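Data from target35.cif: mmCIF, C-alpha atoms
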```
data_model
loop_
_atom_site.label_atom_id
_atom_site.label_comp_id
_atom_site.auth_asym_id
_atom_site.auth_seq_id
_atom_site.Cartn_x
_atom_site.Cartn_y
_atom_site.Cartn_z
CA MET A 3 247.00 118.85 19.59
CA SER A 4 244.24 119.89 22.00
CA ARG A 5 242.30 123.06 21.27
CA MET A 6 242.07 125.56 24.10
CA ILE A 7 240.09 128.52 25.32
CA GLU A 8 242.62 130.70 27.12
CA LEU A 9 241.74 133.37 29.66
CA GLU A 10 244.55 135.85 30.19
CA VAL A 11 244.77 136.32 33.95
CA ASP A 12 247.92 136.84 35.98
CA ALA A 13 248.48 135.82 39.61
CA GLY A 14 247.16 139.09 41.00
CA ARG A 15 243.91 138.92 39.08
CA LEU A 16 243.55 135.19 39.67
CA ALA A 17 243.57 135.91 43.41
CA GLN A 18 240.40 137.97 42.84
CA SER A 19 238.56 134.91 41.51
CA ARG A 20 235.51 133.62 43.33
CA PHE A 21 232.98 130.81 43.34
CA ALA A 22 229.33 131.32 42.46
CA LEU A 23 226.17 129.23 42.42
CA SER A 24 223.92 130.32 39.58
CA PRO A 25 220.39 128.91 39.30
CA LEU A 26 220.13 130.25 35.75
CA ALA A 27 223.47 128.88 34.54
CA GLU A 28 222.55 125.48 35.96
CA THR A 29 219.17 125.73 34.25
CA THR A 30 220.83 126.37 30.88
CA ASN A 31 223.24 123.47 31.56
CA ALA A 32 220.21 121.26 32.19
CA VAL A 33 218.53 122.42 28.97
CA GLU A 34 221.67 121.54 27.00
CA VAL A 35 221.68 118.06 28.58
CA LEU A 36 218.02 117.70 27.58
CA ALA A 37 218.89 118.70 24.00
CA HIS A 38 222.00 116.47 23.91
CA PRO A 39 221.38 113.59 26.38
CA GLU A 40 224.31 111.60 25.01
CA ARG A 41 226.65 114.08 26.69
CA ALA A 42 225.48 113.16 30.19
CA PRO A 43 224.46 109.48 30.45
CA TYR A 44 224.41 109.74 34.24
CA ALA A 45 221.33 111.99 33.99
CA ARG A 46 219.46 109.83 31.50
CA ARG A 47 216.54 109.06 33.81
CA TRP A 48 216.08 112.74 34.59
CA VAL A 49 216.14 113.45 30.85
CA ALA A 50 213.59 110.70 30.18
CA GLY A 51 211.27 112.03 32.88
CA VAL A 52 211.48 115.63 31.65
CA ALA A 53 210.95 114.53 28.04
CA GLN A 54 207.70 112.81 29.03
CA ARG A 55 206.40 115.74 31.06
CA ILE A 56 207.13 118.86 29.06
CA ARG A 57 205.31 120.35 26.12
CA TRP A 58 208.15 120.91 23.67
CA PHE A 59 206.53 123.90 21.96
CA ASP A 60 206.67 125.75 25.31
CA TYR A 61 210.45 125.79 24.91
CA ASP A 62 210.78 126.01 21.14
CA VAL A 63 213.26 128.91 21.00
CA LEU A 64 215.31 127.84 24.02
CA LEU A 65 215.67 124.25 22.82
CA ALA A 66 216.41 125.35 19.26
CA ILE A 67 219.40 127.38 20.47
CA ALA A 68 220.59 124.60 22.80
CA GLU A 69 220.29 121.95 20.10
CA HIS A 70 221.75 123.80 17.12
CA ALA A 71 224.43 125.98 18.71
CA THR A 72 226.86 123.08 18.99
CA GLY A 73 230.10 125.05 18.69
CA TYR A 74 229.15 128.05 20.81
CA VAL A 75 226.03 128.74 22.86
CA PRO A 76 225.33 132.49 23.19
CA ASP A 77 226.51 133.63 26.61
CA PHE A 78 223.74 136.16 27.17
CA ILE A 79 221.23 133.43 28.11
CA ALA A 80 223.26 132.80 31.30
CA PRO A 81 224.87 136.09 32.39
CA ILE A 82 227.90 135.82 34.68
CA PRO A 83 226.50 136.38 38.20
CA GLN A 84 227.57 139.47 40.09
CA LEU A 85 226.78 137.84 43.45
CA SER A 86 227.91 134.50 44.84
CA GLU A 87 224.29 133.26 45.01
CA PRO A 88 222.02 135.41 42.83
CA SER A 89 218.27 134.89 42.77
CA ILE A 90 216.71 133.31 39.72
CA GLY A 91 214.48 136.38 39.38
CA ASP A 92 217.41 138.79 39.14
CA GLU A 93 219.17 136.55 36.63
CA LEU A 94 216.09 136.27 34.41
CA ALA A 95 215.67 140.05 34.51
CA ALA A 96 219.26 140.40 33.30
CA VAL A 97 218.51 138.12 30.32
CA ALA A 98 215.40 140.13 29.39
CA ALA A 99 217.41 143.36 29.57
CA THR A 100 220.30 142.19 27.35
CA PRO A 101 221.28 144.94 24.90
CA GLY A 102 220.34 144.22 21.31
CA GLU A 103 223.90 144.73 20.07
CA ARG A 104 225.22 141.98 22.35
CA ILE A 105 222.46 139.61 21.22
CA ARG A 106 223.32 140.28 17.57
CA GLN A 107 227.04 139.70 18.14
CA GLU A 108 226.59 136.45 20.01
CA LEU A 109 224.01 135.05 17.61
CA HIS A 110 226.42 135.96 14.80
CA ALA A 111 229.16 133.97 16.55
CA ALA A 112 226.88 130.96 17.04
CA PHE A 113 225.03 130.79 13.71
CA ARG A 114 225.59 131.74 10.09
CA PRO A 115 223.00 134.08 8.55
CA ALA A 116 220.13 132.81 6.47
CA ASP A 117 221.58 134.64 3.47
CA PRO A 118 225.40 134.19 3.35
CA ARG A 119 225.63 136.98 0.76
CA GLY A 120 224.83 139.41 3.57
CA ASP A 121 227.84 138.16 5.55
CA ALA A 122 230.60 139.07 3.11
CA LEU A 123 233.46 139.19 5.61
CA ASP A 124 232.77 135.75 7.03
CA ALA A 125 232.10 134.32 3.58
CA SER A 126 235.50 135.54 2.44
CA ILE A 127 237.29 133.50 5.12
CA GLY A 128 234.98 130.51 4.95
CA ALA A 129 233.64 131.05 8.47
CA THR A 130 230.02 130.65 7.41
CA GLU A 131 230.66 126.96 6.80
CA LEU A 132 231.85 126.44 10.38
CA ARG A 133 228.61 127.54 12.00
CA PRO A 134 225.19 125.93 11.79
CA PRO A 135 222.41 127.95 10.16
CA MET A 136 220.23 130.18 12.31
CA PRO A 137 217.31 128.10 13.69
CA ILE A 138 214.04 129.07 12.08
CA GLU A 139 212.46 129.55 15.54
CA VAL A 140 215.04 132.24 16.30
CA SER A 141 215.02 133.98 12.93
CA GLU A 142 211.21 134.27 12.91
CA ILE A 143 211.15 136.03 16.27
CA LEU A 144 213.99 138.34 15.26
CA GLN A 145 212.12 139.33 12.10
CA ARG A 146 208.84 139.88 13.96
CA ASP A 147 209.90 141.24 17.37
CA GLY A 148 213.61 142.06 17.10
CA GLU A 149 216.35 141.30 19.62
CA ARG A 150 214.32 142.65 22.54
CA GLY A 151 211.47 140.28 21.72
CA LEU A 152 213.90 137.34 21.52
CA ALA A 153 215.40 138.22 24.92
CA HIS A 154 211.95 138.36 26.54
CA ARG A 155 210.88 135.07 24.95
CA LEU A 156 214.03 133.32 26.18
CA ALA A 157 213.63 134.73 29.68
CA ALA A 158 210.02 133.51 29.81
CA GLN A 159 210.96 130.02 28.63
CA LEU A 160 213.87 129.81 31.06
CA GLU A 161 211.57 130.87 33.90
CA LEU A 162 209.05 128.17 32.99
CA PHE A 163 211.74 125.49 32.78
CA TRP A 164 213.16 126.58 36.13
CA ARG A 165 209.76 126.50 37.83
CA GLN A 166 208.66 123.16 36.41
CA GLU A 167 211.88 121.13 36.21
CA MET A 168 214.66 122.74 38.23
CA ALA A 169 213.00 124.09 41.37
CA PRO A 170 211.82 120.60 42.47
CA ILE A 171 215.38 119.25 42.47
CA TRP A 172 217.23 122.44 43.40
CA SER A 173 217.71 121.55 47.08
CA ASP A 174 219.52 118.34 46.08
CA VAL A 175 221.56 120.13 43.43
CA VAL A 176 222.59 123.07 45.59
CA ALA A 177 223.64 120.77 48.46
CA VAL A 178 226.17 119.12 46.12
CA LEU A 179 227.36 122.47 44.73
CA GLU A 180 227.82 123.99 48.18
CA ASP A 181 229.78 120.95 49.33
CA ASP A 182 232.06 121.28 46.31
CA VAL A 183 232.68 124.97 47.03
CA ARG A 184 233.46 124.24 50.69
CA GLN A 185 236.08 121.66 49.73
CA HIS A 186 237.74 124.00 47.26
CA ALA A 187 237.58 126.94 49.68
CA VAL A 188 239.49 124.98 52.30
CA ALA A 189 242.12 124.03 49.71
CA ALA A 190 242.38 127.66 48.55
CA ALA A 191 242.94 128.85 52.12
CA TRP A 192 245.81 126.40 52.62
CA GLU A 193 247.37 126.20 49.17
CA GLY A 194 246.27 129.24 47.17
CA PHE A 195 243.77 129.77 44.36
CA ALA A 196 246.13 128.67 41.59
CA THR A 197 246.29 125.16 43.02
CA VAL A 198 242.51 125.04 43.24
CA VAL A 199 242.11 125.96 39.57
CA ASP A 200 244.48 123.18 38.55
CA ARG A 201 242.38 120.69 40.52
CA LEU A 202 238.96 121.64 39.18
CA HIS A 203 239.15 119.18 36.29
CA PRO A 204 241.87 117.58 34.15
CA ALA A 205 240.78 119.83 31.27
CA VAL A 206 241.42 123.04 33.28
CA SER A 207 244.86 124.43 34.15
CA TRP A 208 246.72 127.67 34.94
CA ASP A 209 250.23 128.28 33.62
CA GLY A 210 250.99 131.46 35.55
CA ARG A 211 249.55 133.78 32.91
CA ARG A 212 246.48 132.03 31.52
CA VAL A 213 243.66 129.81 32.68
CA ARG A 214 243.43 127.20 29.93
CA VAL A 215 240.31 125.11 29.25
CA GLN A 216 240.30 122.31 26.70
CA SER A 217 237.64 123.02 24.11
CA ALA A 218 236.42 122.19 20.62
CA HIS A 219 237.98 125.40 19.30
CA ASP A 220 240.77 127.87 20.03
CA ALA A 221 240.09 131.32 21.48
CA THR A 222 241.81 133.82 23.76
CA PHE A 223 240.12 136.37 26.02
CA ARG A 224 241.33 138.81 28.64
CA SER A 225 239.85 138.41 32.09
CA ALA A 226 240.02 141.76 33.86
CA GLN A 227 238.93 140.71 37.37
CA GLY A 228 239.83 137.12 37.93
CA VAL A 229 237.53 134.26 37.00
CA THR A 230 234.13 133.22 38.36
CA LEU A 231 234.17 129.48 39.08
CA LEU A 232 230.86 127.67 38.73
CA PRO A 233 230.35 124.08 39.95
CA SER A 234 227.63 122.16 38.11
CA ALA A 235 225.74 118.91 38.57
CA PHE A 236 224.83 118.87 34.86
CA LEU A 237 228.04 119.75 33.02
CA PRO A 238 229.88 116.67 31.72
CA ARG A 239 232.99 118.75 30.98
CA PRO A 240 234.22 122.29 31.72
CA ALA A 241 232.61 125.21 29.89
CA VAL A 242 233.45 128.92 29.53
CA TRP A 243 231.20 131.98 29.56
CA ILE A 244 232.46 135.41 28.48
CA GLY A 245 230.81 138.62 29.67
CA PRO A 246 230.68 141.99 27.88
CA ASP A 247 232.95 143.69 30.44
CA GLU A 248 236.03 141.41 30.16
CA SER A 249 234.55 139.08 32.76
CA ALA A 250 234.84 135.31 32.45
CA MET A 251 233.28 132.27 34.09
CA VAL A 252 234.48 128.67 34.04
CA GLY A 253 231.93 125.97 34.81
CA TYR A 254 233.11 122.52 35.83
CA PRO A 255 231.57 119.21 36.99
CA ALA A 256 231.09 119.41 40.76
CA ARG A 257 232.65 116.77 42.97
CA GLY A 258 230.13 114.15 43.96
CA SER A 259 227.45 115.46 41.61
CA GLY A 260 226.38 111.86 41.07
CA ARG A 261 224.62 112.05 44.44
CA VAL A 262 221.90 114.07 42.71
CA TRP A 263 221.29 111.31 40.18
CA VAL A 264 221.84 108.31 42.44
CA SER A 265 219.41 109.59 45.04
CA ARG A 266 216.68 110.50 42.56
CA GLU A 267 217.15 108.28 39.54
CA ALA A 268 219.12 105.13 40.04
CA SER A 269 217.33 101.81 40.03
CA ALA A 270 218.99 98.76 41.53
CA SER A 271 220.52 97.86 38.17
CA ASP A 272 221.82 101.40 37.64
CA ALA A 273 223.44 101.44 41.06
CA GLY A 274 225.02 98.08 40.37
CA MET A 275 226.45 99.22 37.05
CA PHE A 276 228.98 101.53 38.70
CA ALA A 277 229.27 99.88 42.10
CA GLY A 278 231.73 97.30 43.36
CA ARG A 279 233.69 95.36 40.78
CA TRP A 280 232.69 97.38 37.71
CA ALA A 281 233.80 100.67 39.22
CA LEU A 282 237.15 99.18 40.28
CA LEU A 283 237.83 97.74 36.84
CA LEU A 284 236.76 100.91 35.02
CA ARG A 285 238.91 103.11 37.24
CA ASP A 286 241.87 100.89 36.32
CA LEU A 287 241.14 101.07 32.59
CA ASP A 288 242.26 104.66 32.04
CA VAL A 289 245.12 102.94 30.16
CA ASP A 290 245.15 99.81 28.02
CA ARG A 291 245.18 96.61 30.05
CA SER A 292 244.72 92.94 29.26
CA THR A 293 242.59 90.38 31.09
CA ALA A 294 245.75 88.95 32.66
CA ASP A 295 246.87 92.42 33.82
CA LEU A 296 243.55 93.09 35.49
CA ALA A 297 243.36 89.63 37.05
CA ALA A 298 246.77 90.10 38.65
CA ARG A 299 246.11 93.66 39.82
CA HIS A 300 242.75 92.82 41.38
CA ARG A 301 243.59 89.28 42.58
CA LEU A 302 240.80 87.72 40.56
CA SER A 303 240.63 84.74 38.27
CA ARG A 304 240.94 85.45 34.56
CA SER A 305 237.52 83.95 33.96
CA THR A 306 235.91 86.37 36.44
CA VAL A 307 237.63 89.37 34.83
CA SER A 308 236.72 88.12 31.36
CA TYR A 309 233.07 87.85 32.37
CA HIS A 310 232.94 91.44 33.69
CA LEU A 311 234.83 92.80 30.68
CA GLY A 312 232.34 91.13 28.38
CA ARG A 313 229.46 92.84 30.13
CA LEU A 314 231.25 96.19 30.19
CA HIS A 315 231.95 95.91 26.46
CA ALA A 316 228.32 95.04 25.71
CA ALA A 317 227.24 98.11 27.70
CA GLY A 318 229.54 100.35 25.66
CA LEU A 319 231.75 101.16 28.64
CA VAL A 320 235.01 99.65 27.36
CA THR A 321 236.67 99.23 23.98
CA ARG A 322 238.89 96.33 23.02
CA GLN A 323 241.57 95.80 20.40
CA ARG A 324 244.00 93.01 19.63
CA ASP A 325 247.71 93.58 20.16
CA ARG A 326 249.50 90.55 18.73
CA HIS A 327 248.55 87.73 21.13
CA ARG A 328 246.71 89.90 23.64
CA VAL A 329 243.38 91.72 23.73
CA LEU A 330 243.66 95.15 25.36
CA TYR A 331 240.75 96.94 27.03
CA ARG A 332 240.26 100.63 27.80
CA ARG A 333 237.28 102.49 29.21
CA THR A 334 235.25 104.74 26.91
CA GLN A 335 234.74 108.48 27.31
CA ARG A 336 231.19 107.77 28.46
CA ALA A 337 232.49 105.52 31.26
CA GLY A 338 235.08 108.09 32.33
CA ASP A 339 232.57 110.94 32.38
CA THR A 340 230.09 108.85 34.37
CA LEU A 341 232.70 107.81 36.93
CA ALA A 342 233.62 111.45 37.38
CA ALA A 343 230.00 112.51 37.75
CA LEU A 344 229.42 109.84 40.38
CA GLY A 345 232.52 110.84 42.29
CA LEU A 346 234.16 107.46 41.63
CA GLU A 347 237.15 108.60 39.62
CA GLY A 348 240.63 108.12 41.01
CA THR A 349 243.71 105.94 40.88
CA VAL A 350 243.52 102.31 41.85
CA GLU A 351 246.20 101.48 44.41
CA ASN A 352 247.77 98.05 44.72
#
```
As structure tokens, what does this structure read like?
Amino acid sequence: MSRMIELEVDAGRLAQSRFALSPLAETTNAVEVLAHPERAPYARRWVAGVAQRIRWFDYDVLLAIAEHATGYVPDFIAPIPQLSEPSIGDELAAVAATPGERIRQELHAAFRPADPRGDALDASIGATELRPPMPIEVSEILQRDGERGLAHRLAAQLELFWRQEMAPIWSDVVAVLEDDVRQHAVAAAWEGFATVVDRLHPAVSWDGRRVRVQSAHDATFRSAQGVTLLPSAFLPRPAVWIGPDESAMVGYPARGSGRVWVSREASASDAGMFAGRWALLLRDLDVDRSTADLAARHRLSRSTVSYHLGRLHAAGLVTRQRDRHRVLYRRTQRAGDTLAALGLEGTVEN
């Protein structure tokens, strides 16, 4: 059974929802992709370029949190924007001004303490085993400079990453995000906001009382004033941010975000990987199909389909398993996520 983050929001409050474009949230999404490149194969060339350029010790605390906080990344490093298009300066100032109590609570939710004996409540329910240990880069700053010092260090590192790695591509990114918002805004005007939420991503839905987002863990929060919806060119799957004032934000992969990566990163071989025949076959492999099935559906010879399936399997884009006298193929999660990021997902019609 799928785990869910549920945001309690009725129809009246859902109608108060809005879209936002957050430079800082997109920067933190990019940092997480840099720390976990396997999550976003479509951005691999961007990741490789950044990895060659940056001095890792300039981002030691930021990357430590992004790398080790695998179950929950503290929300205070990307505050929910109050405006539809906040400035990066205002957002960074909000990070630096985060109250110490909030920082302590969110670090506590993300990491177990260095000394579990000091966390008696969590130890009694076994929760300390579910969280990774506090990164040494974080604990050293907390011991030396406290929560305020940590907030200022993170704001400084986020500002540097924005200036060096995000600002040069921001015009391409924001063009995709704005186009996504325009498409959803038109749909909301004609069909209502509830329909828009259901169409953000297959992992996001609204049941009349709750916005539900598939997640690695279960949690329920109350959203007092609707939900902020955040398109992203970096997110491979939806994500949730919770604010201190019963505010909530749902990030989701923007439609056509692959334009950012195709325009800047794709070589001829990369473009060919998800163009033409491969894209058609992968779109059709959201369910198990045999070589004969695909040959008939696409009006190709079995030998041609077999050749392409062999290459797709070697590239890690399809799995195969024997079912009596047939071999069945299905696309991998990586292939599905990449199709979605490139705006190539959809149903094959015959």
_Could you list, as a PyMOL selection string, every residue matched by the PyMOL selection byres ((chain A and resi 70-77) around 10) in this structure?_
chain A and resi 27+30+34+37-38+65-69+78-82+97+104-113+132-137+217-219+242-246
*In Å, with one decimal, what is the gap from atom CA of A:Pro83 to atom CA of A:Val49?*
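So the answer is 26.2 Å.
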Please define a box with edges along x, y and z of the file around all atoms of stretch 141-146 of chain A given in the file, extend it by 3 Å on each side, and return its centre and edge lengths in Å to one decimal, as AutoDock Vina command-line options.
```
--center_x 211.9 --center_y 136.9 --center_z 14.2 --size_x 12.2 --size_y 11.9 --size_z 10.2
```
*Selected by the PyMOL selection byres ((chain A and resi 222) around 10) in the shown coordinates: which residues, as an MDAnalysis selection string?*
chainID A and resid 6:10 212:214 220:221 223:225
At most 12 Å from (241.5, 125.8, 39.9), file frame, all atoms listed in the file: which residues, as a short mmCIF file (atom, residue, chain, number, x, y, z; two decimals) with C-alpha atoms, in the frame of the given file?
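This went into result04.cif:
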```cif
data_model
loop_
_atom_site.label_atom_id
_atom_site.label_comp_id
_atom_site.auth_asym_id
_atom_site.auth_seq_id
_atom_site.Cartn_x
_atom_site.Cartn_y
_atom_site.Cartn_z
CA LEU A 16 243.55 135.19 39.67
CA ALA A 17 243.57 135.91 43.41
CA SER A 19 238.56 134.91 41.51
CA ARG A 20 235.51 133.62 43.33
CA PHE A 21 232.98 130.81 43.34
CA VAL A 183 232.68 124.97 47.03
CA GLN A 185 236.08 121.66 49.73
CA HIS A 186 237.74 124.00 47.26
CA ALA A 187 237.58 126.94 49.68
CA ALA A 189 242.12 124.03 49.71
CA ALA A 190 242.38 127.66 48.55
CA GLU A 193 247.37 126.20 49.17
CA GLY A 194 246.27 129.24 47.17
CA PHE A 195 243.77 129.77 44.36
CA ALA A 196 246.13 128.67 41.59
CA THR A 197 246.29 125.16 43.02
CA VAL A 198 242.51 125.04 43.24
CA VAL A 199 242.11 125.96 39.57
CA ASP A 200 244.48 123.18 38.55
CA ARG A 201 242.38 120.69 40.52
CA LEU A 202 238.96 121.64 39.18
CA HIS A 203 239.15 119.18 36.29
CA PRO A 204 241.87 117.58 34.15
CA ALA A 205 240.78 119.83 31.27
CA VAL A 206 241.42 123.04 33.28
CA SER A 207 244.86 124.43 34.15
CA TRP A 208 246.72 127.67 34.94
CA ASP A 209 250.23 128.28 33.62
CA GLY A 210 250.99 131.46 35.55
CA ARG A 212 246.48 132.03 31.52
CA VAL A 213 243.66 129.81 32.68
CA ARG A 214 243.43 127.20 29.93
CA VAL A 215 240.31 125.11 29.25
CA GLY A 228 239.83 137.12 37.93
CA VAL A 229 237.53 134.26 37.00
CA THR A 230 234.13 133.22 38.36
CA LEU A 231 234.17 129.48 39.08
CA LEU A 232 230.86 127.67 38.73
CA PRO A 233 230.35 124.08 39.95
CA PRO A 240 234.22 122.29 31.72
CA MET A 251 233.28 132.27 34.09
CA VAL A 252 234.48 128.67 34.04
CA GLY A 253 231.93 125.97 34.81
CA TYR A 254 233.11 122.52 35.83
#
```
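Residues in contact with A:Gly148 at up to 12 Å, not including ones fewer than 6 positions away on its chain and judged by only C-alpha atoms, are Pro101, Gly102, Glu103, Ile105, Arg106, Val140, Ser141, Glu142, His154 and Arg155 of chain A.
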May I have the selected residues written with C-alpha atoms, as a CSV table (one decimal), keeping the file's coordinate frame?
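Final file, selection20.csv:
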```
chain,number,residue,atom,x,y,z
A,101,PRO,CA,221.3,144.9,24.9
A,102,GLY,CA,220.3,144.2,21.3
A,103,GLU,CA,223.9,144.7,20.1
A,105,ILE,CA,222.5,139.6,21.2
A,106,ARG,CA,223.3,140.3,17.6
A,140,VAL,CA,215.0,132.2,16.3
A,141,SER,CA,215.0,134.0,12.9
A,142,GLU,CA,211.2,134.3,12.9
A,154,HIS,CA,212.0,138.4,26.5
A,155,ARG,CA,210.9,135.1,25.0
```
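Applied to this file, the PyMOL selection byres ((chain A and resi 44) around 8) selects the residues Ala42, Pro43, Ala45, Arg46, Arg47, Gly260, Trp263, Thr340, Ala343 and Leu344 of chain A.
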*asked:* Report, in Å to a single decimal, how far apart atom CA of A:Val178 and atom CA of A:Gln227 are.
replied: 26.6 Å
